[in-house]
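Just target20.pdb here, PDB, C-alpha atoms:
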ATOM      1  CA  MET A   1     -21.526  -6.360   6.432
ATOM      2  CA  TYR A   2     -20.559  -3.834   3.738
ATOM      3  CA  SER A   3     -21.985  -4.846   0.430
ATOM      4  CA  HIS A   4     -22.516  -1.872  -1.809
ATOM      5  CA  LEU A   5     -19.925   0.600  -3.022
ATOM      6  CA  GLU A   6     -21.183   3.767  -4.683
ATOM      7  CA  VAL A   7     -18.818   6.242  -6.264
ATOM      8  CA  ASP A   8     -20.121   9.508  -7.657
ATOM      9  CA  SER A   9     -19.072  13.008  -8.749
ATOM     10  CA  ILE A  10     -15.368  12.240  -8.727
ATOM     11  CA  ARG A  11     -13.356  15.003 -10.312
ATOM     12  CA  LYS A  12      -9.615  15.360 -10.327
ATOM     13  CA  SER A  13      -7.239  17.677 -12.083
ATOM     14  CA  PHE A  14      -3.457  18.016 -12.070
ATOM     15  CA  GLY A  15      -2.665  21.650 -12.738
ATOM     16  CA  ASP A  16      -4.698  22.703 -15.760
ATOM     17  CA  LYS A  17      -5.305  19.131 -16.902
ATOM     18  CA  GLN A  18      -8.698  17.725 -15.945
ATOM     19  CA  VAL A  19      -8.087  13.978 -15.619
ATOM     20  CA  LEU A  20     -11.412  12.789 -14.188
ATOM     21  CA  THR A  21     -14.763  14.457 -14.782
ATOM     22  CA  ASP A  22     -17.831  13.428 -12.787
ATOM     23  CA  ILE A  23     -17.004   9.750 -12.559
ATOM     24  CA  ALA A  24     -19.722   7.488 -11.176
ATOM     25  CA  LEU A  25     -19.861   3.732 -10.720
ATOM     26  CA  THR A  26     -21.246   1.129  -8.358
ATOM     27  CA  CYS A  27     -19.851  -2.203  -7.269
ATOM     28  CA  GLN A  28     -21.084  -5.059  -5.116
ATOM     29  CA  PRO A  29     -19.918  -8.572  -4.260
ATOM     30  CA  GLY A  30     -20.048 -10.684  -7.396
ATOM     31  CA  ASP A  31     -19.006  -7.799  -9.637
ATOM     32  CA  ILE A  32     -15.670  -7.758 -11.409
ATOM     33  CA  ILE A  33     -15.413  -4.349 -12.983
ATOM     34  CA  GLY A  34     -12.778  -4.020 -15.686
ATOM     35  CA  LEU A  35     -11.443  -0.508 -16.062
ATOM     36  CA  LEU A  36      -9.624   0.125 -19.322
ATOM     37  CA  GLY A  37      -7.935   3.198 -20.709
ATOM     38  CA  ARG A  38      -4.783   4.474 -22.301
ATOM     39  CA  ASN A  39      -1.771   5.607 -20.273
ATOM     40  CA  GLY A  40      -2.468   8.775 -18.329
ATOM     41  CA  THR A  41      -6.249   8.571 -18.534
ATOM     42  CA  GLY A  42      -6.541   8.375 -14.743
ATOM     43  CA  LYS A  43      -7.189   4.703 -13.977
ATOM     44  CA  SER A  44      -4.758   4.541 -11.038
ATOM     45  CA  THR A  45      -5.834   8.014  -9.931
ATOM     46  CA  LEU A  46      -9.449   6.858  -9.757
ATOM     47  CA  LEU A  47      -8.573   3.731  -7.771
ATOM     48  CA  LYS A  48      -6.465   5.731  -5.290
ATOM     49  CA  ILE A  49      -9.305   8.237  -4.807
ATOM     50  CA  ILE A  50     -11.778   5.409  -4.147
ATOM     51  CA  PHE A  51      -9.311   3.792  -1.722
ATOM     52  CA  GLY A  52      -8.854   7.142   0.028
ATOM     53  CA  THR A  53      -5.126   7.774  -0.312
ATOM     54  CA  LEU A  54      -5.351  10.438  -3.019
ATOM     55  CA  PHE A  55      -7.012  13.724  -2.173
ATOM     56  CA  THR A  56      -9.474  15.426  -4.447
ATOM     57  CA  ASP A  57     -11.859  18.326  -3.858
ATOM     58  CA  TYR A  58     -14.807  16.563  -5.417
ATOM     59  CA  LYS A  59     -15.840  13.057  -4.554
ATOM     60  CA  PHE A  60     -18.666  11.080  -3.068
ATOM     61  CA  ILE A  61     -17.959   7.578  -1.818
ATOM     62  CA  ARG A  62     -20.645   5.655   0.017
ATOM     63  CA  ILE A  63     -20.319   2.116   1.256
ATOM     64  CA  ASN A  64     -23.503   0.437   2.408
ATOM     65  CA  GLY A  65     -25.130   3.784   3.015
ATOM     66  CA  GLU A  66     -22.241   5.329   4.921
ATOM     67  CA  VAL A  67     -20.334   8.211   3.338
ATOM     68  CA  LEU A  68     -16.583   7.742   3.804
ATOM     69  CA  SER A  69     -13.815  10.176   2.915
ATOM     70  CA  GLN A  70     -11.017   7.645   3.401
ATOM     71  CA  PRO A  71     -12.509   4.147   3.134
ATOM     72  CA  PHE A  72      -9.172   2.380   3.760
ATOM     73  CA  LYS A  73      -9.188   3.584   7.369
ATOM     74  CA  THR A  74     -12.292   1.532   8.136
ATOM     75  CA  LYS A  75     -11.423  -2.099   8.730
ATOM     76  CA  SER A  76     -12.681  -4.850   6.455
ATOM     77  CA  ILE A  77     -14.017  -2.586   3.730
ATOM     78  CA  ILE A  78     -11.481  -2.126   0.992
ATOM     79  CA  THR A  79      -7.950  -3.063  -0.083
ATOM     80  CA  TYR A  80      -5.825  -1.821  -2.951
ATOM     81  CA  LEU A  81      -3.105  -3.438  -5.040
ATOM     82  CA  PRO A  82      -0.857  -0.619  -6.308
ATOM     83  CA  GLN A  83       1.007  -0.866  -9.605
ATOM     84  CA  ASP A  84       4.356  -1.460  -7.899
ATOM     85  CA  ASN A  85       5.117  -4.088  -5.277
ATOM     86  CA  PHE A  86       4.041  -2.961  -1.835
ATOM     87  CA  LEU A  87       5.181  -5.697   0.555
ATOM     88  CA  PRO A  88       8.163  -4.935   2.855
ATOM     89  CA  LYS A  89      11.259  -6.375   1.177
ATOM     90  CA  ASN A  90      13.142  -7.284   4.338
ATOM     91  CA  ILE A  91      10.796  -9.932   5.725
ATOM     92  CA  THR A  92       9.976 -13.467   4.602
ATOM     93  CA  VAL A  93       6.881 -14.660   2.778
ATOM     94  CA  LYS A  94       5.764 -16.607   5.846
ATOM     95  CA  LYS A  95       6.148 -13.561   8.089
ATOM     96  CA  VAL A  96       4.128 -11.365   5.723
ATOM     97  CA  VAL A  97       1.331 -13.923   5.615
ATOM     98  CA  GLU A  98       1.360 -14.190   9.419
ATOM     99  CA  LEU A  99       1.084 -10.396   9.726
ATOM    100  CA  TYR A 100      -1.719 -10.160   7.186
ATOM    101  CA  SER A 101      -3.654 -13.229   8.150
ATOM    102  CA  ASP A 102      -6.337 -12.186  10.548
ATOM    103  CA  GLY A 103      -7.905 -15.543  11.313
ATOM    104  CA  LEU A 104      -6.421 -17.142   8.204
ATOM    105  CA  ASP A 105      -4.841 -20.594   8.224
ATOM    106  CA  VAL A 106      -1.234 -19.663   7.385
ATOM    107  CA  LYS A 107      -0.185 -23.237   6.604
ATOM    108  CA  GLU A 108      -3.065 -23.747   4.214
ATOM    109  CA  PHE A 109      -2.468 -20.347   2.605
ATOM    110  CA  LEU A 110       1.147 -21.214   1.834
ATOM    111  CA  GLU A 111       0.355 -24.668   0.471
ATOM    112  CA  ASP A 112       0.078 -24.004  -3.235
ATOM    113  CA  GLU A 113       2.299 -24.531  -6.244
ATOM    114  CA  VAL A 114       3.842 -21.039  -6.092
ATOM    115  CA  LEU A 115       4.136 -20.160  -2.408
ATOM    116  CA  SER A 116       5.157 -23.563  -1.043
ATOM    117  CA  LYS A 117       8.534 -23.156  -2.791
ATOM    118  CA  VAL A 118       9.268 -19.699  -1.370
ATOM    119  CA  THR A 119       7.904 -19.786   2.189
ATOM    120  CA  GLY A 120      11.234 -18.852   3.788
ATOM    121  CA  THR A 121      12.334 -16.450   1.048
ATOM    122  CA  LYS A 122      12.521 -12.727   1.698
ATOM    123  CA  ILE A 123      10.062 -10.640  -0.319
ATOM    124  CA  GLY A 124      12.913  -8.724  -1.943
ATOM    125  CA  ASN A 125      14.256 -11.986  -3.430
ATOM    126  CA  LEU A 126      10.998 -13.131  -5.054
ATOM    127  CA  SER A 127      10.509 -12.959  -8.811
ATOM    128  CA  GLY A 128       8.068 -10.367 -10.164
ATOM    129  CA  GLY A 129       5.436 -13.040 -10.792
ATOM    130  CA  GLU A 130       5.781 -14.661  -7.365
ATOM    131  CA  SER A 131       5.601 -11.299  -5.662
ATOM    132  CA  ARG A 132       2.497 -10.221  -7.618
ATOM    133  CA  TYR A 133       0.824 -13.579  -7.025
ATOM    134  CA  LEU A 134       1.421 -13.310  -3.272
ATOM    135  CA  GLU A 135       0.111  -9.732  -3.148
ATOM    136  CA  VAL A 136      -3.067 -10.573  -5.047
ATOM    137  CA  LYS A 137      -3.638 -13.692  -2.960
ATOM    138  CA  LEU A 138      -3.202 -11.754   0.298
ATOM    139  CA  LEU A 139      -5.704  -9.100  -0.744
ATOM    140  CA  LEU A 140      -8.255 -11.534  -2.138
ATOM    141  CA  ASN A 141      -8.065 -13.600   1.052
ATOM    142  CA  SER A 142      -8.296 -10.623   3.384
ATOM    143  CA  ASP A 143     -11.613  -9.884   5.061
ATOM    144  CA  SER A 144     -12.239  -6.754   2.985
ATOM    145  CA  VAL A 145     -15.355  -6.775   0.814
ATOM    146  CA  PHE A 146     -13.975  -4.637  -2.010
ATOM    147  CA  VAL A 147     -10.638  -5.157  -3.737
ATOM    148  CA  LEU A 148      -9.049  -2.683  -6.153
ATOM    149  CA  LEU A 149      -6.425  -4.274  -8.395
ATOM    150  CA  ASP A 150      -4.170  -1.906 -10.326
ATOM    151  CA  GLU A 151      -2.419  -3.827 -13.111
ATOM    152  CA  PRO A 152      -2.357  -7.297 -11.513
ATOM    153  CA  PHE A 153      -1.093  -8.906 -14.743
ATOM    154  CA  ASN A 154       1.642  -6.417 -15.507
ATOM    155  CA  GLY A 155       5.096  -7.832 -16.248
ATOM    156  CA  ILE A 156       4.477 -11.395 -15.097
ATOM    157  CA  SER A 157       4.684 -14.782 -16.792
ATOM    158  CA  PRO A 158       1.655 -16.428 -18.499
ATOM    159  CA  LEU A 159       1.595 -19.101 -15.775
ATOM    160  CA  HIS A 160       1.210 -16.511 -13.021
ATOM    161  CA  VAL A 161      -1.355 -14.603 -15.097
ATOM    162  CA  GLU A 162      -3.477 -17.745 -15.365
ATOM    163  CA  LEU A 163      -3.183 -18.435 -11.621
ATOM    164  CA  ILE A 164      -4.184 -14.872 -10.760
ATOM    165  CA  LYS A 165      -7.146 -14.970 -13.161
ATOM    166  CA  THR A 166      -8.356 -18.219 -11.611
ATOM    167  CA  MET A 167      -7.987 -16.745  -8.117
ATOM    168  CA  ILE A 168      -9.936 -13.588  -9.046
ATOM    169  CA  LEU A 169     -12.792 -15.635 -10.536
ATOM    170  CA  LYS A 170     -12.869 -17.949  -7.527
ATOM    171  CA  LYS A 171     -13.076 -15.082  -5.017
ATOM    172  CA  SER A 172     -15.451 -12.873  -6.974
ATOM    173  CA  SER A 173     -18.599 -14.391  -5.463
ATOM    174  CA  GLN A 174     -17.604 -12.985  -2.050
ATOM    175  CA  LYS A 175     -16.032  -9.711  -3.162
ATOM    176  CA  GLY A 176     -16.593  -6.710  -5.350
ATOM    177  CA  ILE A 177     -13.501  -6.311  -7.517
ATOM    178  CA  ILE A 178     -12.429  -3.362  -9.630
ATOM    179  CA  LEU A 179      -9.411  -4.073 -11.786
ATOM    180  CA  THR A 180      -7.429  -2.261 -14.384
ATOM    181  CA  ASP A 181      -4.724  -3.547 -16.701
ATOM    182  CA  HIS A 182      -3.319  -2.805 -20.141
ATOM    183  CA  ASP A 183      -3.630  -6.489 -20.992
ATOM    184  CA  TYR A 184      -7.243  -5.928 -22.061
ATOM    185  CA  ARG A 185      -7.758  -9.521 -23.215
ATOM    186  CA  ASN A 186      -7.269 -10.788 -19.676
ATOM    187  CA  VAL A 187      -9.461  -8.002 -18.304
ATOM    188  CA  LEU A 188     -12.199  -8.935 -20.791
ATOM    189  CA  TYR A 189     -11.802 -12.589 -19.754
ATOM    190  CA  VAL A 190     -12.353 -12.081 -16.024
ATOM    191  CA  ALA A 191     -14.553  -8.975 -15.786
ATOM    192  CA  THR A 192     -18.333  -8.974 -15.678
ATOM    193  CA  LYS A 193     -18.706  -5.248 -16.465
ATOM    194  CA  PHE A 194     -16.386  -3.032 -18.466
ATOM    195  CA  TYR A 195     -15.688   0.661 -18.588
ATOM    196  CA  LEU A 196     -13.293   2.714 -20.649
ATOM    197  CA  LEU A 197     -11.785   5.886 -19.233
ATOM    198  CA  PHE A 198     -11.759   8.277 -22.130
ATOM    199  CA  ASP A 199     -11.341  12.039 -22.113
ATOM    200  CA  GLY A 200     -11.975  12.209 -18.354
ATOM    201  CA  GLY A 201     -15.232  10.280 -18.524
ATOM    202  CA  LEU A 202     -16.285   6.688 -17.968
ATOM    203  CA  LYS A 203     -17.742   4.995 -21.061
ATOM    204  CA  SER A 204     -19.630   1.739 -20.678
ATOM    205  CA  VAL A 205     -18.210  -1.005 -22.880
ATOM    206  CA  LYS A 206     -20.323  -3.960 -24.001
ATOM    207  CA  THR A 207     -18.193  -5.568 -26.711
ATOM    208  CA  LYS A 208     -14.685  -5.426 -28.107
ATOM    209  CA  GLN A 209     -16.148  -3.413 -30.997
ATOM    210  CA  ASP A 210     -16.846  -0.568 -28.520
ATOM    211  CA  LEU A 211     -13.131  -0.482 -27.674
ATOM    212  CA  ILE A 212     -12.328  -0.139 -31.388
ATOM    213  CA  VAL A 213     -14.901   2.655 -31.776
ATOM    214  CA  TRP A 214     -13.342   4.579 -28.852
ATOM    215  CA  GLY A 215      -9.896   4.079 -30.343
ATOM    216  CA  TYR A 216      -8.546   1.975 -27.458
ATOM    217  CA  VAL A 217      -7.624  -1.049 -29.606
ATOM    218  CA  PRO A 218      -6.743  -1.155 -33.316
ATOM    219  CA  GLU A 219      -9.206  -2.626 -35.804
TER     220      GLU A 219
ATOM    221  CA  MET B   1      -1.341  -3.481  16.296
ATOM    222  CA  THR B   2       2.323  -3.251  17.435
ATOM    223  CA  ARG B   3       2.989  -6.565  15.659
ATOM    224  CA  LEU B   4       1.831  -5.035  12.360
ATOM    225  CA  LEU B   5       4.204  -2.093  12.756
ATOM    226  CA  LEU B   6       7.293  -4.271  13.179
ATOM    227  CA  PRO B   7       8.622  -4.179   9.578
ATOM    228  CA  TYR B   8       8.354  -0.376   9.410
ATOM    229  CA  ASN B   9       9.618   0.150  12.950
ATOM    230  CA  LYS B  10      12.605  -2.133  12.350
ATOM    231  CA  THR B  11      13.578  -0.306   9.144
ATOM    232  CA  ILE B  12      13.175   3.163  10.660
ATOM    233  CA  LEU B  13      15.049   2.196  13.829
ATOM    234  CA  LYS B  14      18.014   0.788  11.876
ATOM    235  CA  LEU B  15      18.220   3.953   9.758
ATOM    236  CA  ASN B  16      17.706   6.163  12.789
ATOM    237  CA  ILE B  17      20.586   4.526  14.685
ATOM    238  CA  VAL B  18      22.950   5.238  11.780
ATOM    239  CA  PHE B  19      21.731   8.807  11.165
ATOM    240  CA  SER B  20      21.838   9.596  14.899
ATOM    241  CA  ILE B  21      25.403   8.287  15.244
ATOM    242  CA  VAL B  22      26.492  10.620  12.432
ATOM    243  CA  LEU B  23      24.583  13.569  13.930
ATOM    244  CA  THR B  24      26.015  12.796  17.388
ATOM    245  CA  LEU B  25      29.564  12.759  15.992
ATOM    246  CA  ILE B  26      29.012  16.144  14.353
ATOM    247  CA  SER B  27      27.431  17.582  17.530
ATOM    248  CA  SER B  28      30.278  16.224  19.648
ATOM    249  CA  LEU B  29      32.913  17.787  17.385
ATOM    250  CA  VAL B  30      31.159  21.148  17.655
ATOM    251  CA  PHE B  31      30.222  21.221  21.349
ATOM    252  CA  LEU B  32      32.571  18.937  23.311
ATOM    253  CA  SER B  33      35.485  21.378  23.236
ATOM    254  CA  LYS B  34      33.358  24.052  24.928
ATOM    255  CA  GLU B  35      33.130  24.330  28.686
ATOM    256  CA  SER B  36      30.312  22.308  30.166
ATOM    257  CA  PRO B  37      29.290  21.256  33.694
ATOM    258  CA  HIS B  38      28.690  17.729  32.333
ATOM    259  CA  SER B  39      31.153  14.993  31.433
ATOM    260  CA  PRO B  40      31.850  14.231  27.704
ATOM    261  CA  MET B  41      30.094  10.850  28.068
ATOM    262  CA  TYR B  42      27.011  12.552  29.483
ATOM    263  CA  LEU B  43      26.923  14.945  26.536
ATOM    264  CA  ILE B  44      27.410  12.177  23.961
ATOM    265  CA  ILE B  45      24.551  10.116  25.402
ATOM    266  CA  ALA B  46      22.367  13.226  25.659
ATOM    267  CA  PHE B  47      23.127  14.188  22.040
ATOM    268  CA  TYR B  48      22.387  10.668  20.861
ATOM    269  CA  ALA B  49      19.034  10.500  22.701
ATOM    270  CA  PHE B  50      18.162  13.947  21.335
ATOM    271  CA  TRP B  51      18.935  13.023  17.721
ATOM    272  CA  ILE B  52      17.109   9.683  17.939
ATOM    273  CA  LEU B  53      13.913  11.572  18.726
ATOM    274  CA  THR B  54      14.450  14.507  16.361
ATOM    275  CA  GLY B  55      16.737  14.732  13.311
ATOM    276  CA  GLY B  56      17.535  11.012  13.126
ATOM    277  CA  PHE B  57      13.863  10.052  13.161
ATOM    278  CA  PHE B  58      12.959  12.762  10.662
ATOM    279  CA  LEU B  59      15.767  11.776   8.256
ATOM    280  CA  SER B  60      14.848   8.087   8.510
ATOM    281  CA  ALA B  61      11.175   8.739   7.782
ATOM    282  CA  TYR B  62      12.165  11.008   4.880
ATOM    283  CA  TYR B  63      14.582   8.409   3.486
ATOM    284  CA  PHE B  64      11.807   5.788   3.644
ATOM    285  CA  GLU B  65       9.425   8.220   1.954
ATOM    286  CA  ILE B  66      11.714   8.733  -1.040
ATOM    287  CA  THR B  67      13.031   5.172  -1.420
ATOM    288  CA  ARG B  68      10.216   2.831  -0.301
ATOM    289  CA  LYS B  69       7.082   4.948  -0.557
ATOM    290  CA  ASN B  70       5.055   2.101  -2.040
ATOM    291  CA  GLU B  71       5.402   0.069   1.151
ATOM    292  CA  TYR B  72       2.968   2.447   2.851
ATOM    293  CA  TYR B  73       0.262   0.501   1.021
ATOM    294  CA  PHE B  74       1.148  -2.513   3.158
ATOM    295  CA  TYR B  75      -0.102  -0.505   6.136
ATOM    296  CA  TYR B  76      -2.949   1.267   4.332
ATOM    297  CA  ASN B  77      -4.376  -2.162   3.470
ATOM    298  CA  LEU B  78      -4.346  -2.952   7.179
ATOM    299  CA  GLY B  79      -6.236   0.288   7.894
ATOM    300  CA  ILE B  80      -3.205   2.168   9.229
ATOM    301  CA  SER B  81      -2.733   5.700   7.866
ATOM    302  CA  LYS B  82       0.701   7.273   7.410
ATOM    303  CA  ILE B  83       0.220   9.675  10.327
ATOM    304  CA  LYS B  84      -0.871   6.855  12.633
ATOM    305  CA  LEU B  85       2.101   4.773  11.488
ATOM    306  CA  LEU B  86       4.566   7.606  12.190
ATOM    307  CA  LEU B  87       3.060   8.454  15.589
ATOM    308  CA  LEU B  88       3.054   4.842  16.762
ATOM    309  CA  THR B  89       6.603   4.295  15.501
ATOM    310  CA  TYR B  90       7.748   7.484  17.222
ATOM    311  CA  SER B  91       6.201   6.237  20.467
ATOM    312  CA  LEU B  92       8.150   2.984  20.135
ATOM    313  CA  HIS B  93      11.332   5.026  19.601
ATOM    314  CA  MET B  94      10.632   6.896  22.841
ATOM    315  CA  ILE B  95      10.510   3.567  24.634
ATOM    316  CA  PHE B  96      13.761   2.609  22.892
ATOM    317  CA  ILE B  97      15.651   5.596  24.319
ATOM    318  CA  LEU B  98      14.385   5.184  27.900
ATOM    319  CA  PRO B  99      17.472   3.129  28.911
ATOM    320  CA  LEU B 100      19.686   5.929  27.546
ATOM    321  CA  LEU B 101      17.876   8.546  29.618
ATOM    322  CA  PHE B 102      18.177   6.262  32.637
ATOM    323  CA  ALA B 103      21.919   5.893  31.976
ATOM    324  CA  LEU B 104      22.347   9.693  32.012
ATOM    325  CA  GLN B 105      21.809   9.714  35.766
ATOM    326  CA  TYR B 106      24.911   7.602  36.299
ATOM    327  CA  VAL B 107      27.475   9.328  34.058
TER     328      VAL B 107
END

For this file, produce the structure as structure tokens.
Amino acid sequence: MYSHLEVDSIRKSFGDKQVLTDIALTCQPGDIIGLLGRNGTGKSTLLKIIFGTLFTDYKFIRINGEVLSQPFKTKSIITYLPQDNFLPKNITVKKVVELYSDGLDVKEFLEDEVLSKVTGTKIGNLSGGESRYLEVKLLLNSDSVFVLLDEPFNGISPLHVELIKTMILKKSSQKGIILTDHDYRNVLYVATKFYLLFDGGLKSVKTKQDLIVWGYVPE
Amino acid sequence: MTRLLLPYNKTILKLNIVFSIVLTLISSLVFLSKESPHSPMYLIIAFYAFWILTGGFFLSAYYFEITRKNEYYFYYNLGISKIKLLLLTYSLHMIFILPLLFALQYV
């Protein structure tokens, strides 16, 4: 059972621009870490490095004592929700769930107010909210211990935002979740710890006042 | 594992069939007029099998890379890297062309 994610010494630059400088954080089941930051501060870059799909010269990722260069290659450790939809567009919702569901009750999974209406619909024909909801639900119900969510609330209706927030809170006791989104109010609502990526570094945030001090939100 | 590869394999195979038909037509126009010990049908099948495993596959994978790159995360989340995905899909394509290679003996 993997239960402790440690990230340390992460550095990343694009050309001359140093985006991340010695980033360190830890996460374990029960944590919902909210990662905030302006556009281009490296939130997605950090998540991709932790997941293992973006190369960097400097990084240290240890999960339950084991150092891993590409954590995603080890089963049941970590999953990642990218900013854009990632499910194959040419297959149906039911088929995707069947492919993803390792030991999951497909019928039960599809029986909710959103998915029950679109079971036979192809992924490419879903609305943005339905698609995002399905993606988040698949990842939160997978057997991975850590889930990285990159902008789960972006561009979707308030109803879907509420459903996703409820789902994240419900699953957080079993999983360590790191999420980032520009909708900071929703991040502040669900997260248990907060960090702000600022000038390449990770600043711990305790209150909304800290976000004002760092210039992330207006006064 | 093969079950998980189906969406990618299906997409690449469809693209590959189209690209390989185009490449086979071009190859046929260039080479069929030249003297050969083999029949035209033999050469067409041989060209097609060749392109399925080379240029057609490469173009299909490249097309996927530039148009549907984000879908790789579907496989990453299942623990399948891009290289593993390509190698396994290529292996399935080799199985796909076996009947063509078998047919070559009879034309």

- Item | At most 12 Å to chain A: residues in chain B, all atoms listed in the file, as a PyMOL selection string | chain B and resi 1-11+64+67-84

- Contact residues around Leu36 (chain A) with all atoms listed in the file at 10 Å, ignoring same-chain residues under 5 positions, as JSON, numbers by chain: {"A": [41, 42, 43, 179, 180, 181, 182, 183, 184, 187, 188, 194, 195, 196, 197, 198, 202, 203, 205, 211, 216]}

For the residues in that selection, give me C-alpha atoms as a CSV table (one decimal), in the frame of the given file.
chain,number,residue,atom,x,y,z
A,41,THR,CA,-6.2,8.6,-18.5
A,42,GLY,CA,-6.5,8.4,-14.7
A,43,LYS,CA,-7.2,4.7,-14.0
A,179,LEU,CA,-9.4,-4.1,-11.8
A,180,THR,CA,-7.4,-2.3,-14.4
A,181,ASP,CA,-4.7,-3.5,-16.7
A,182,HIS,CA,-3.3,-2.8,-20.1
A,183,ASP,CA,-3.6,-6.5,-21.0
A,184,TYR,CA,-7.2,-5.9,-22.1
A,187,VAL,CA,-9.5,-8.0,-18.3
A,188,LEU,CA,-12.2,-8.9,-20.8
A,194,PHE,CA,-16.4,-3.0,-18.5
A,195,TYR,CA,-15.7,0.7,-18.6
A,196,LEU,CA,-13.3,2.7,-20.6
A,197,LEU,CA,-11.8,5.9,-19.2
A,198,PHE,CA,-11.8,8.3,-22.1
A,202,LEU,CA,-16.3,6.7,-18.0
A,203,LYS,CA,-17.7,5.0,-21.1
A,205,VAL,CA,-18.2,-1.0,-22.9
A,211,LEU,CA,-13.1,-0.5,-27.7
A,216,TYR,CA,-8.5,2.0,-27.5

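Put simply, CA of Val161 (chain A) is 24.0 Å away from CA of Leu104 (chain A).
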
- Residues returned when the PyMOL selection byres ((chain A and resi 162) around 12) runs on this file, as a PyMOL selection string: chain A and resi 129+133+152-153+156-161+163-169+186-187+189-190

- Message: Can you translate the PyMOL selection byres ((chain B and resi 51-62) around 12) into the concrete residues it hits in this file, as an MDAnalysis selection string?
- Response: chainID B and resid 8:28 44:50 63:69 72 82:83 85:87 89:98 100:101

- Query: Distance CA of Ile33 (chain A)-CA of Glu113 (chain A), one decimal place?
  - Reply: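 Computed distance, CA of Ile33 (chain A) to CA of Glu113 (chain A), equals 27.7 Å.
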
Go ahead and fit an axis-aligned box to every listed atom of region 27-35 of chain B plus 6 Å each side, and pass me the centre and edge lengths in Å, one decimal, as AutoDock Vina command-line options.
--center_x 31.5 --center_y 20.3 --center_z 23.0 --size_x 20.1 --size_y 20.1 --size_z 23.3

- Task: Output the residue selection produced by the PyMOL selection byres ((chain A and resi 3-17) around 9) on the file above, formatted as a PyMOL selection string.
- Result: chain A and resi 1-2+18-29+42+45-46+49-50+55-65+77+145-146+175-176+200

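Here CA of Ser173 (chain A) and CA of Val93 (chain A) stand 26.8 Å from one another.
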
Save region 19-34 of chain B of the structure in the block above to a file, with N, CA and C atoms included, as a PDB file, in the first residue's frame.
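The new file selection14.pdb reads:
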ATOM      1  N   PHE B  19      -3.532   5.956 -45.184  1.00  0.00           N
ATOM      2  CA  PHE B  19      -2.191   6.426 -45.579  1.00  0.00           C
ATOM      3  C   PHE B  19      -1.499   5.387 -46.467  1.00  0.00           C
ATOM      4  N   SER B  20      -1.629   4.115 -46.112  1.00  0.00           N
ATOM      5  CA  SER B  20      -0.930   3.060 -46.866  1.00  0.00           C
ATOM      6  C   SER B  20      -1.519   2.876 -48.270  1.00  0.00           C
ATOM      7  N   ILE B  21      -2.837   3.099 -48.395  1.00  0.00           N
ATOM      8  CA  ILE B  21      -3.443   3.025 -49.734  1.00  0.00           C
ATOM      9  C   ILE B  21      -2.850   4.126 -50.616  1.00  0.00           C
ATOM     10  N   VAL B  22      -2.757   5.328 -50.062  1.00  0.00           N
ATOM     11  CA  VAL B  22      -2.184   6.453 -50.829  1.00  0.00           C
ATOM     12  C   VAL B  22      -0.738   6.158 -51.199  1.00  0.00           C
ATOM     13  N   LEU B  23       0.043   5.693 -50.224  1.00  0.00           N
ATOM     14  CA  LEU B  23       1.468   5.397 -50.479  1.00  0.00           C
ATOM     15  C   LEU B  23       1.619   4.254 -51.488  1.00  0.00           C
ATOM     16  N   THR B  24       0.705   3.275 -51.419  1.00  0.00           N
ATOM     17  CA  THR B  24       0.755   2.149 -52.363  1.00  0.00           C
ATOM     18  C   THR B  24       0.439   2.633 -53.788  1.00  0.00           C
ATOM     19  N   LEU B  25      -0.539   3.523 -53.900  1.00  0.00           N
ATOM     20  CA  LEU B  25      -0.870   4.078 -55.224  1.00  0.00           C
ATOM     21  C   LEU B  25       0.332   4.800 -55.818  1.00  0.00           C
ATOM     22  N   ILE B  26       0.986   5.611 -55.001  1.00  0.00           N
ATOM     23  CA  ILE B  26       2.163   6.355 -55.481  1.00  0.00           C
ATOM     24  C   ILE B  26       3.266   5.379 -55.885  1.00  0.00           C
ATOM     25  N   SER B  27       3.528   4.383 -55.033  1.00  0.00           N
ATOM     26  CA  SER B  27       4.580   3.390 -55.323  1.00  0.00           C
ATOM     27  C   SER B  27       4.257   2.633 -56.614  1.00  0.00           C
ATOM     28  N   SER B  28       2.979   2.281 -56.772  1.00  0.00           N
ATOM     29  CA  SER B  28       2.577   1.525 -57.960  1.00  0.00           C
ATOM     30  C   SER B  28       2.796   2.347 -59.228  1.00  0.00           C
ATOM     31  N   LEU B  29       2.430   3.636 -59.156  1.00  0.00           N
ATOM     32  CA  LEU B  29       2.624   4.509 -60.327  1.00  0.00           C
ATOM     33  C   LEU B  29       4.099   4.598 -60.705  1.00  0.00           C
ATOM     34  N   VAL B  30       4.962   4.603 -59.707  1.00  0.00           N
ATOM     35  CA  VAL B  30       6.399   4.750 -59.957  1.00  0.00           C
ATOM     36  C   VAL B  30       7.025   3.439 -60.441  1.00  0.00           C
ATOM     37  N   PHE B  31       6.661   2.315 -59.801  1.00  0.00           N
ATOM     38  CA  PHE B  31       7.407   1.075 -60.042  1.00  0.00           C
ATOM     39  C   PHE B  31       6.731   0.046 -60.954  1.00  0.00           C
ATOM     40  N   LEU B  32       5.404   0.124 -61.128  1.00  0.00           N
ATOM     41  CA  LEU B  32       4.731  -0.945 -61.870  1.00  0.00           C
ATOM     42  C   LEU B  32       5.096  -0.971 -63.358  1.00  0.00           C
ATOM     43  N   SER B  33       5.479   0.170 -63.907  1.00  0.00           N
ATOM     44  CA  SER B  33       5.812   0.202 -65.331  1.00  0.00           C
ATOM     45  C   SER B  33       7.173  -0.434 -65.614  1.00  0.00           C
ATOM     46  N   LYS B  34       7.995  -0.569 -64.545  1.00  0.00           N
ATOM     47  CA  LYS B  34       9.329  -1.143 -64.737  1.00  0.00           C
ATOM     48  C   LYS B  34       9.252  -2.661 -64.782  1.00  0.00           C
TER      49      LYS B  34
END
